[in-house]
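Reading through the structure tokens given below for one structure.
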Amino acid sequence: MSWEHAIARELKKRDNPVYYAWFSGEVTSPVQITDEEGNVSYSGPTIVSCFDGAVQLRADRLQQLPGDEPYHAGQRVALLGHPFAKEPGSQKILILGVVTDVI
């Protein structure tokens, strides 16, 4: 085993802290449907596309704040969590809300 493999193995053994950072994603589903009478309904499961489409977060990985209205296709949302964590159950991502202006 070469020295770089030994160092990589030692680094993996460490209990490295998990840092949560916000990131944004584009809601691709559900689609908002408004009928002639103005009634709004939603069609499809909740899916948020992140990191230029490389990650697709589905409803089982997403959490919303209580009382928030459903998010729908075309909205950009701010997300909080660590989508690349390795611990079981740690990939729950919180939807913080719709992003209107990001600098």
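Simple scheme: letters A, B, ... for chains in structure tokens order, numbers from 1 for residues in each chain, numbers from 1 for ligands in the order shown.
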Within 7 Å of segment 22-27 of chain A using only C-alpha atoms, minus same-chain residues under 5 positions, as a compact mmCIF listing (two decimals) with C-alpha atoms, in the first residue's frame:
```
# COMPACT_ATOMS: atom_id res chain seq x y z
CA ILE A 47 -38.74 16.83 -6.61
CA VAL A 48 -36.02 19.48 -6.26
CA SER A 49 -33.07 19.55 -8.67
CA CYS A 50 -29.75 20.77 -7.20
CA HIS A 72 -44.26 23.88 -7.25
CA ALA A 73 -42.34 23.64 -10.51
CA GLY A 74 -40.51 26.77 -11.56
CA GLN A 75 -39.66 27.99 -8.05
CA ARG A 76 -36.10 28.28 -6.77
CA VAL A 77 -35.86 27.30 -3.11
CA ALA A 78 -33.21 27.66 -0.41
CA LEU A 79 -32.28 24.34 1.21
CA LEU A 80 -30.45 23.51 4.44
CA GLY A 81 -28.64 20.23 4.98
```
Item to complete: Would you please extract all strand (DSSP E or B) residues from chain A, as assigned by DSSP on the backbone, and give them as an MDAnalysis selection string?
Response: chainID A and resid 21:34 40:50 55:58 62:64 76:81 93:98
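Surrounding segment 40-44 of chain A within 6 Å are Ser29, Pro30, Val31, Gln32, Ile33 and Thr34 of chain A, with only C-alpha atoms counted and residues fewer than 4 positions along the same chain left out.
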DSSP on the backbone, then: every residue of chain A marked alpha helix (DSSP H), written as a PDB file with N, CA, C and O atoms, in the first residue's frame.
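Output contents, as saved in part_1.pdb:
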```pdb
ATOM      1  N   TRP A   3       1.842   5.361   0.374  1.00  0.00           N
ATOM      2  CA  TRP A   3       1.638   6.303   1.481  1.00  0.00           C
ATOM      3  C   TRP A   3       0.346   7.092   1.334  1.00  0.00           C
ATOM      4  O   TRP A   3      -0.320   7.397   2.316  1.00  0.00           O
ATOM      5  N   GLU A   4      -0.063   7.426   0.093  1.00  0.00           N
ATOM      6  CA  GLU A   4      -1.302   8.201  -0.071  1.00  0.00           C
ATOM      7  C   GLU A   4      -2.536   7.385   0.295  1.00  0.00           C
ATOM      8  O   GLU A   4      -3.518   7.904   0.807  1.00  0.00           O
ATOM      9  N   HIS A   5      -2.471   6.067   0.079  1.00  0.00           N
ATOM     10  CA  HIS A   5      -3.578   5.205   0.492  1.00  0.00           C
ATOM     11  C   HIS A   5      -3.647   5.101   2.013  1.00  0.00           C
ATOM     12  O   HIS A   5      -4.727   5.092   2.600  1.00  0.00           O
ATOM     13  N   ALA A   6      -2.494   5.026   2.654  1.00  0.00           N
ATOM     14  CA  ALA A   6      -2.441   4.960   4.122  1.00  0.00           C
ATOM     15  C   ALA A   6      -2.994   6.244   4.732  1.00  0.00           C
ATOM     16  O   ALA A   6      -3.748   6.207   5.720  1.00  0.00           O
ATOM     17  N   ILE A   7      -2.636   7.378   4.162  1.00  0.00           N
ATOM     18  CA  ILE A   7      -3.142   8.664   4.680  1.00  0.00           C
ATOM     19  C   ILE A   7      -4.641   8.779   4.463  1.00  0.00           C
ATOM     20  O   ILE A   7      -5.367   9.238   5.337  1.00  0.00           O
ATOM     21  N   ALA A   8      -5.110   8.347   3.303  1.00  0.00           N
ATOM     22  CA  ALA A   8      -6.550   8.403   3.027  1.00  0.00           C
ATOM     23  C   ALA A   8      -7.315   7.523   4.008  1.00  0.00           C
ATOM     24  O   ALA A   8      -8.374   7.914   4.507  1.00  0.00           O
ATOM     25  N   ARG A   9      -6.794   6.356   4.320  1.00  0.00           N
ATOM     26  CA  ARG A   9      -7.452   5.469   5.287  1.00  0.00           C
ATOM     27  C   ARG A   9      -7.496   6.106   6.673  1.00  0.00           C
ATOM     28  O   ARG A   9      -8.505   6.023   7.373  1.00  0.00           O
ATOM     29  N   GLU A  10      -6.433   6.746   7.089  1.00  0.00           N
ATOM     30  CA  GLU A  10      -6.404   7.410   8.400  1.00  0.00           C
ATOM     31  C   GLU A  10      -7.391   8.570   8.462  1.00  0.00           C
ATOM     32  O   GLU A  10      -8.051   8.779   9.471  1.00  0.00           O
ATOM     33  N   LEU A  11      -7.494   9.325   7.380  1.00  0.00           N
ATOM     34  CA  LEU A  11      -8.440  10.443   7.358  1.00  0.00           C
ATOM     35  C   LEU A  11      -9.879   9.956   7.435  1.00  0.00           C
ATOM     36  O   LEU A  11     -10.724  10.596   8.046  1.00  0.00           O
ATOM     37  N   LYS A  12     -10.179   8.823   6.827  1.00  0.00           N
ATOM     38  CA  LYS A  12     -11.528   8.272   6.876  1.00  0.00           C
ATOM     39  C   LYS A  12     -11.898   7.809   8.277  1.00  0.00           C
ATOM     40  O   LYS A  12     -13.067   7.792   8.650  1.00  0.00           O
ATOM     41  N   LYS A  13     -10.915   7.405   9.074  1.00  0.00           N
ATOM     42  CA  LYS A  13     -11.169   6.921  10.432  1.00  0.00           C
ATOM     43  C   LYS A  13     -11.564   8.051  11.384  1.00  0.00           C
ATOM     44  O   LYS A  13     -12.198   7.815  12.397  1.00  0.00           O
TER      45      LYS A  13
END
```
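Atom CA of Tyr71 of chain A to atom CA of Gln56 of chain A spans 15.1 Å [interatomic distance, one decimal].
Atom CA of Leu94 of chain A lies 13.0 Å from atom CA of Thr46 of chain A.
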